[in-house]
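A.B. asks: Starting off with a structure, shown below.
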Amino acid sequence: MVEFLQFTLSGIVFGMIYAAIALSLVLIWRGTRLLNFAQGGMAMLTTYVAIEVIYKTHSYWAGFVIALVAGLILGAASELTVVRPTAGKPELNSVIVTIGLLIFFEGLAGILFGGQYRSFPAAFSVTGLRVSSTPLGVSRFDVFTVVAVLATTLILAVTFRYTTAGLRMRAAAFNATVARLSGIRVGRVLTVGWALAGLLGALAGVLVSPSTFLYPNSMDAIFVLGFTAAVIGGLDSPAGAVVGGLLLGVGLSYVGGYLNSDLTSLVALGVLVIVLMIRPNGLFAGARMRRV
Amino acid sequence: MSSGTNGSGPAVGSDRDGAAGGSDRDGAAGRSASLAVDGLVAGYGEVIALDGVTVMAGAGSITAVLGANGAGKTTLLRAVSGMIKARRGRILLADHDVAGRSPEQIVRAGIAHVPEGQGVIPELTVEENLRIGMMSWRRGPRAGRVAALEEEYARFKPLADRRRKPASTLSGGERQMLVIARALLARPRVLLLDEPSLGLAPRVMAQVMDLIVQLSRERGLTILLVEQNARSALAIADHGVVLNLGRVVASADAAILATDVALRHHYLGF
């Protein structure tokens with residue numbers, strides 16, 4: 001019973017990280033029908049920014065905030081410089097461009113920061129919390145992880161749902177023609193989408209790196225899991241991304257805990273393939289197919 | 001060939017900015033404006049879809065744009081609203097050339113385009129769909145936006161009743177109301193309507209046609225009306241233009257076109 005609780009809680013923590021990556025992928029997918037393969041690379045690069053700032057300033061929070069800002073800038077810059085020119089060209093072009101971007105980011109990180117594994121600090125204690133001597137299997141930092149991702153998600157959801165800027169983004173995502181004809185600068189909206197995706201990636205990177213170490217490829221596996229979560233949720237749905245992240249996190253935690261931790265990546269890939277084969281629109285897709 | 005402006009619309013729509021908290025558009029907000037398309041050439045890739053099209057729409061008039069499928073009617077509207085680039089020619093709004101500008105700029109200049117059959121965003125509520133129509137406004141007091149919305153709700157009662165409902169729940173006629181109301185919220189002087197009667201029941205279609213007449217008479221809107229149904233379009237239009245394979249083959253008073261048996265037989269199918 002205690003074991004089950006521990007697996008569940010730690011599954012939720014990792015699930016929130018996957019959810020953050022999934023959400024960042026959804027933000028870009030909704031606007032451009034493009035899967036950003038560079039998402040993990042962007043997250044990794046901004047996490048390096050965080051670690052450098054933390055070492056220079058001895059302040060975790062300075063690193064945290066600057067990483068998020070760097071994520072915003074990196075996302076917007078990627079869209080403006082590399083992705084924008086592929087608009088209106090065959091879809092494969094932009095896919096290849098984001099893969100190229102990933103390779104570029106990982107190479108750049110190797111050159112700037114070296115290839116060795118670096119440990120990344122956590123904001124709070126990583127020793128396990130207990131309830132009257134029963135270990136919960138999660139730490140204070142894990143709680144922070146969950147709260148940070150939930151808060152960010154909530155802020156985004158409220159912004160999208162209740163503000164004019166949010167309506168502008170939704171309109172551009174659902175129907176770019178109508179948006180343009182109504183005077184919405186769709187290009188600008190896409191840049192903002194990429195910036196927010198960069199921010200979410202940075203958040204995920206900073207939150208996951210204390211438990212994975214940081215190195216130029218450190219986010220690759222997280223990206224695959226985030227992508228799987230997004231696919232489970234349907235790629236189109238921010239809420240689906242969060243639910244997909246949680247399902248995947250908890251499910252993999254059980255697999256790792258009760259079966260064998262070597263199996264988790266295998267199971268994740270299996271889930272990805274099965275969902276894509278059986279429910280390519282995600283588990284929560286409505287009856288309506290997307291318009292062309 | 002073109003008979004130019006025929007000036008049968010009302011002179012000035014003067015009352016429409018009263019409730020909307022003043023104007024925020026450059027210069028002549030609220031005044032009627034003519035639209036003159038002059039020698040327009042446009043197309044898709046190698047294909048020339050418009051080959052030197054000239055259309056003169058007098059301020060406050062209704063101009064029916066007719067022709068068979070593939071004649072270039074929709075392309076004409078898309079070129080005027082900037083969705084495709086004009087390769088040659090001028091698009092004069094009042095005396096101001098807007099050719100080559102982006103759709104975002106053109107709607108701000110005062111031309112609103114209601115595209116064919118795809119304008120409603122079903123995932124959004126009715127009110128959210130309408131609010132999109134005000135995205136071209138410069139920042140202004142919230143009260144002005146609310147008043148503008150209420151003005152449209154007053155005109156389109158069925159929309160008011162369903163403002164919080166998803167737009168996917170609207171009927172075909174209500175959807176057409178929604179996209180027209182949204183276009184009006186951009187406070188245009190020229191309205192481009194692409195097949196507004198498509199897929200509507202005859203009774204609803206008659207209502208939409210009445211509405212178009214009303215908009216031109218009351219608001220002084222200059223309307224370019226693309227219609228497959230030439231008979232009903234000519235019945236409400238002041239002027240008609242017939243396109244064939246990207247060229248203007250006839251341009252005259254609507255009443256004259258409607259009685260031209262040879263033209264009707266060849267191009268209009270009635």
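Naming scheme: A, B, ... for chains in displayed order of the structure tokens; residues 1 onward per chain; ligands 1 onward as shown.
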Once you count only C-alpha atoms, what closest atom pair and distance in Å to one decimal does each residue of chain A within 9 Å of chain B have, with rows by chain and rising residue number, as a tab-separated table?
C.D. replies:
residue	atom	partner	partner_atom	distance
A:Thr164	CA	B:Met135	CA	8.4
A:Leu167	CA	B:Glu128	CA	7.2
A:Arg168	CA	B:Ile132	CA	7.2
A:Arg170	CA	B:Leu124	CA	8.5
A:Ala171	CA	B:Ile132	CA	7.4
A:Phe174	CA	B:Ile121	CA	6.9
A:Asn175	CA	B:Ile121	CA	6.9
A:Thr177	CA	B:Met83	CA	8.2
A:Val178	CA	B:Gly119	CA	6.1
A:Ala179	CA	B:Ile132	CA	7.4
A:Arg180	CA	B:Glu104	CA	5.7
A:Leu181	CA	B:Pro103	CA	5.6
A:Ser182	CA	B:Gly133	CA	5.6
A:Gly183	CA	B:Glu104	CA	4.0
A:Ile184	CA	B:Met135	CA	6.1
A:Arg185	CA	B:Glu104	CA	6.3
A:Val186	CA	B:Glu104	CA	8.9
A.B. asks: With C-alpha atoms retained, could you export that selection as a PDB file, in the first residue's frame?
C.D. replies:
ATOM      1  CA  THR A 164      -8.186  39.121 -25.731  1.00  0.00           C
ATOM      2  CA  LEU A 167      -8.627  34.714 -27.988  1.00  0.00           C
ATOM      3  CA  ARG A 168      -6.307  36.057 -30.656  1.00  0.00           C
ATOM      4  CA  ARG A 170      -6.971  30.565 -30.309  1.00  0.00           C
ATOM      5  CA  ALA A 171      -8.487  32.208 -33.363  1.00  0.00           C
ATOM      6  CA  PHE A 174      -8.282  27.312 -35.241  1.00  0.00           C
ATOM      7  CA  ASN A 175      -8.648  29.277 -38.448  1.00  0.00           C
ATOM      8  CA  THR A 177      -7.667  32.636 -42.700  1.00  0.00           C
ATOM      9  CA  VAL A 178     -10.419  34.137 -40.583  1.00  0.00           C
ATOM     10  CA  ALA A 179      -7.827  35.429 -38.147  1.00  0.00           C
ATOM     11  CA  ARG A 180      -5.887  37.244 -40.859  1.00  0.00           C
ATOM     12  CA  LEU A 181      -9.027  38.637 -42.442  1.00  0.00           C
ATOM     13  CA  SER A 182     -10.016  39.957 -39.024  1.00  0.00           C
ATOM     14  CA  GLY A 183      -6.767  41.830 -38.661  1.00  0.00           C
ATOM     15  CA  ILE A 184      -4.887  39.416 -36.412  1.00  0.00           C
ATOM     16  CA  ARG A 185      -1.178  39.349 -37.173  1.00  0.00           C
ATOM     17  CA  VAL A 186      -0.934  35.591 -37.338  1.00  0.00           C
TER      18      VAL A 186
END
A.B. asks: When you look at Pro238 in chain A with a cut-off of 8 Å (counting only C-alpha atoms), what residues show up, excluding the ones that are within fewer than 5 positions of it in the same chain? I need them as a list in words.
C.D. replies: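 Contacts, with the query itself left out: Leu23, Val26, Leu27 and Gly233 of chain A.
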A.B. asks: Excluding same-chain residues fewer than 2 positions from Gly172 in chain B, what lies within 9 Å of it counting only C-alpha atoms, as a ChimeraX atom specification?
C.D. replies: /B:170,174-177,199-201,204
A.B. asks: Please identify all polymer residues within 12 Å of Arg88 in chain B, counting only C-alpha atoms, omitting same-chain residues fewer than 2 positions from it, and present them as a ChimeraX atom specification.
C.D. replies: /B:37-43,48,50-54,79,84-86,90-91,99-100
A.B. asks: How would the residues just chosen look if you wrote them out with C-alpha atoms as a compact mmCIF listing (two decimals), in the first residue's frame?
C.D. replies:
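See part00.txt below for the written result:
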# COMPACT_ATOMS: atom_id res chain seq x y z
CA VAL B 37 -10.36 47.51 -58.91
CA ASP B 38 -8.29 48.52 -61.88
CA GLY B 39 -6.56 46.09 -64.22
CA LEU B 40 -6.00 43.50 -61.53
CA VAL B 41 -3.80 40.52 -62.34
CA ALA B 42 -3.46 37.74 -59.78
CA GLY B 43 -3.13 33.99 -59.61
CA ILE B 48 -3.30 33.38 -63.87
CA LEU B 50 -7.47 37.13 -62.83
CA ASP B 51 -6.27 38.66 -66.05
CA GLY B 52 -6.76 42.40 -65.97
CA VAL B 53 -10.02 42.68 -64.06
CA THR B 54 -11.61 46.09 -63.62
CA ALA B 79 -6.95 39.58 -54.09
CA ILE B 84 -3.28 36.60 -52.45
CA LYS B 85 -0.92 39.16 -53.89
CA ALA B 86 -2.01 41.33 -56.77
CA ARG B 90 -4.58 48.84 -58.46
CA ILE B 91 -7.15 48.38 -55.72
CA ALA B 99 -2.82 46.67 -53.55
CA GLY B 100 0.15 44.79 -52.13
A.B. asks: Using DSSP on the backbone, list every residue of range 4-187 of chain B that comes out as strand (DSSP E), and give them as a short mmCIF file (atom, residue, chain, number, x, y, z; two decimals) with C-alpha atoms, in the first residue's frame.
C.D. replies:
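The resulting file, result_38.cif, is reproduced below:
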data_model
loop_
_atom_site.label_atom_id
_atom_site.label_comp_id
_atom_site.auth_asym_id
_atom_site.auth_seq_id
_atom_site.Cartn_x
_atom_site.Cartn_y
_atom_site.Cartn_z
CA LEU B 35 -13.94 50.53 -54.37
CA ALA B 36 -12.21 50.56 -57.72
CA VAL B 37 -10.36 47.51 -58.91
CA ASP B 38 -8.29 48.52 -61.88
CA GLY B 39 -6.56 46.09 -64.22
CA LEU B 40 -6.00 43.50 -61.53
CA VAL B 41 -3.80 40.52 -62.34
CA ALA B 42 -3.46 37.74 -59.78
CA GLY B 43 -3.13 33.99 -59.61
CA TYR B 44 -1.78 30.91 -57.94
CA VAL B 47 -1.94 29.93 -63.07
CA ILE B 48 -3.30 33.38 -63.87
CA ALA B 49 -6.74 33.44 -62.26
CA LEU B 50 -7.47 37.13 -62.83
CA ASP B 51 -6.27 38.66 -66.05
CA GLY B 52 -6.76 42.40 -65.97
CA VAL B 53 -10.02 42.68 -64.06
CA THR B 54 -11.61 46.09 -63.62
CA VAL B 55 -14.57 46.58 -61.30
CA MET B 56 -15.96 49.93 -60.20
CA ALA B 57 -18.17 49.81 -57.14
CA ILE B 62 -24.13 46.66 -54.20
CA THR B 63 -22.14 45.07 -56.99
CA ALA B 64 -22.90 41.46 -57.91
CA VAL B 65 -19.90 39.49 -59.14
CA LEU B 66 -21.15 36.63 -61.27
CA ARG B 88 -0.43 44.03 -61.34
CA GLY B 89 -3.17 46.62 -61.12
CA ARG B 90 -4.58 48.84 -58.46
CA ILE B 91 -7.15 48.38 -55.72
CA LEU B 92 -8.45 51.79 -54.77
CA LEU B 93 -10.40 52.23 -51.58
CA HIS B 96 -6.19 55.08 -51.64
CA ASP B 97 -4.33 52.18 -53.33
CA ILE B 111 -12.33 46.35 -46.31
CA ALA B 112 -13.87 43.33 -44.60
CA HIS B 113 -13.99 39.96 -46.34
CA VAL B 114 -16.44 37.20 -45.43
#
A.B. asks: Work out how far CA of Leu257 in chain B is from CA of Leu234 in chain B, in Å to one decimal.
C.D. replies: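 CA of Leu257 in chain B lies at a distance of 7.7 Å from CA of Leu234 in chain B.
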A.B. asks: What is the CA of Leu246 in chain A-CA of Arg33 in chain A distance in Å, reported with one decimal?
C.D. replies: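 Computing the Euclidean distance for CA of Leu246 in chain A and CA of Arg33 in chain A yields 23.6 Å.
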A.B. asks: Considering only C-alpha atoms, return as a count of residues only whatever protein or nucleic-acid residues lie within 9 Å of Asn69 in chain B, sequence-local ones (same chain, fewer than 3 positions apart) excluded.
C.D. replies: 4
A.B. asks: One number please: CA of Thr228 in chain A to CA of Pro210 in chain A, in Å, one decimal.
C.D. replies: 22.1 Å
A.B. asks: Run DSSP on the backbone and give me the residues of range 54-259 of chain B it puts in alpha helix (DSSP H), as a PyMOL selection string.
C.D. replies: chain B and resi 73-80+103-109+126-132+142-155+157-161+172-185+202-219+230-236+254-259
A.B. asks: Could you write out that same residue set with C-alpha atoms as a short mmCIF file (atom, residue, chain, number, x, y, z; two decimals), in the first residue's frame?
C.D. replies:
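So the final result, stored in out_36.cif, reads:
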data_model
loop_
_atom_site.label_atom_id
_atom_site.label_comp_id
_atom_site.auth_asym_id
_atom_site.auth_seq_id
_atom_site.Cartn_x
_atom_site.Cartn_y
_atom_site.Cartn_z
CA LYS B 73 -14.93 35.40 -58.49
CA THR B 74 -13.46 34.11 -55.24
CA THR B 75 -9.96 34.97 -56.41
CA LEU B 76 -11.10 38.53 -57.01
CA LEU B 77 -12.28 38.85 -53.41
CA ARG B 78 -9.12 37.18 -52.12
CA ALA B 79 -6.95 39.58 -54.09
CA VAL B 80 -8.90 42.61 -52.86
CA PRO B 103 -4.85 41.29 -45.13
CA GLU B 104 -4.25 42.64 -41.62
CA GLN B 105 -3.58 46.09 -43.05
CA ILE B 106 -6.41 45.95 -45.55
CA VAL B 107 -9.06 45.17 -42.95
CA ARG B 108 -7.74 48.09 -40.94
CA ALA B 109 -8.05 50.29 -44.01
CA VAL B 126 -20.69 32.84 -30.51
CA GLU B 127 -19.42 35.84 -28.59
CA GLU B 128 -15.78 34.84 -29.00
CA ASN B 129 -16.37 34.52 -32.73
CA LEU B 130 -17.82 38.02 -32.75
CA ARG B 131 -15.02 39.49 -30.65
CA ILE B 132 -12.55 38.35 -33.29
CA ARG B 142 -13.77 48.46 -23.20
CA ALA B 143 -17.13 50.20 -23.16
CA GLY B 144 -16.84 50.95 -26.87
CA ARG B 145 -16.37 47.26 -27.64
CA VAL B 146 -19.23 46.20 -25.46
CA ALA B 147 -21.49 48.76 -27.11
CA ALA B 148 -20.45 47.61 -30.57
CA LEU B 149 -21.24 44.00 -29.63
CA GLU B 150 -24.61 44.96 -28.24
CA GLU B 151 -25.39 46.84 -31.43
CA GLU B 152 -24.87 43.66 -33.44
CA TYR B 153 -26.84 41.61 -30.92
CA ALA B 154 -29.71 44.05 -31.30
CA ARG B 155 -29.67 43.51 -35.04
CA LYS B 157 -31.36 38.59 -32.06
CA PRO B 158 -30.71 34.85 -32.48
CA LEU B 159 -27.02 35.48 -31.84
CA ALA B 160 -27.78 37.40 -28.66
CA ASP B 161 -29.72 34.46 -27.30
CA GLY B 172 -26.85 27.57 -41.27
CA GLY B 173 -28.66 30.90 -41.34
CA GLU B 174 -27.35 31.84 -37.91
CA ARG B 175 -23.83 31.00 -39.01
CA GLN B 176 -24.20 33.37 -41.93
CA MET B 177 -25.47 36.05 -39.55
CA LEU B 178 -22.48 35.39 -37.31
CA VAL B 179 -19.86 35.84 -40.01
CA ILE B 180 -21.56 38.95 -41.37
CA ALA B 181 -21.90 40.44 -37.88
CA ARG B 182 -18.24 39.68 -37.25
CA ALA B 183 -17.26 41.43 -40.47
CA LEU B 184 -19.38 44.45 -39.48
CA LEU B 185 -17.59 44.63 -36.14
CA PRO B 202 -34.70 29.53 -49.75
CA ARG B 203 -36.49 31.38 -46.97
CA VAL B 204 -33.26 31.94 -45.01
CA MET B 205 -31.51 32.94 -48.18
CA ALA B 206 -34.13 35.63 -48.81
CA GLN B 207 -33.48 36.95 -45.29
CA VAL B 208 -29.77 37.13 -45.96
CA MET B 209 -30.40 39.02 -49.20
CA ASP B 210 -32.67 41.46 -47.36
CA LEU B 211 -29.96 41.96 -44.80
CA ILE B 212 -27.43 42.78 -47.49
CA VAL B 213 -29.74 45.43 -48.93
CA GLN B 214 -30.26 46.85 -45.45
CA LEU B 215 -26.53 47.08 -44.81
CA SER B 216 -25.98 48.99 -47.98
CA ARG B 217 -28.94 51.34 -47.42
CA GLU B 218 -28.53 51.96 -43.68
CA ARG B 219 -24.81 51.82 -43.15
CA ALA B 230 -27.18 35.08 -60.21
CA ARG B 231 -30.90 35.73 -60.26
CA SER B 232 -31.21 36.65 -56.58
CA ALA B 233 -27.95 38.57 -56.62
CA LEU B 234 -29.02 40.73 -59.56
CA ALA B 235 -32.38 41.30 -57.89
CA ILE B 236 -30.73 43.23 -55.06
CA ALA B 254 -28.03 44.88 -62.66
CA ALA B 255 -31.39 45.41 -64.30
CA ILE B 256 -29.83 45.36 -67.73
CA LEU B 257 -27.82 42.22 -67.05
CA ALA B 258 -30.88 40.48 -65.66
CA THR B 259 -32.73 40.97 -68.92
#
A.B. asks: I'd like the neighbourhood of Phe270 in chain B as an NGL selection string, where a residue qualifies if any of its atoms comes within 9 Å (using only C-alpha atoms), though same-chain residues fewer than 3 positions away should be ignored.
C.D. replies: :B and (229-231 or 261 or 264-265 or 267)
A.B. asks: When you count only C-alpha atoms, which of these residues is closest to Ser237 in chain A: A:Ala19, A:Ala43, A:Ala87, A:Met1?
C.D. replies: A:Ala19
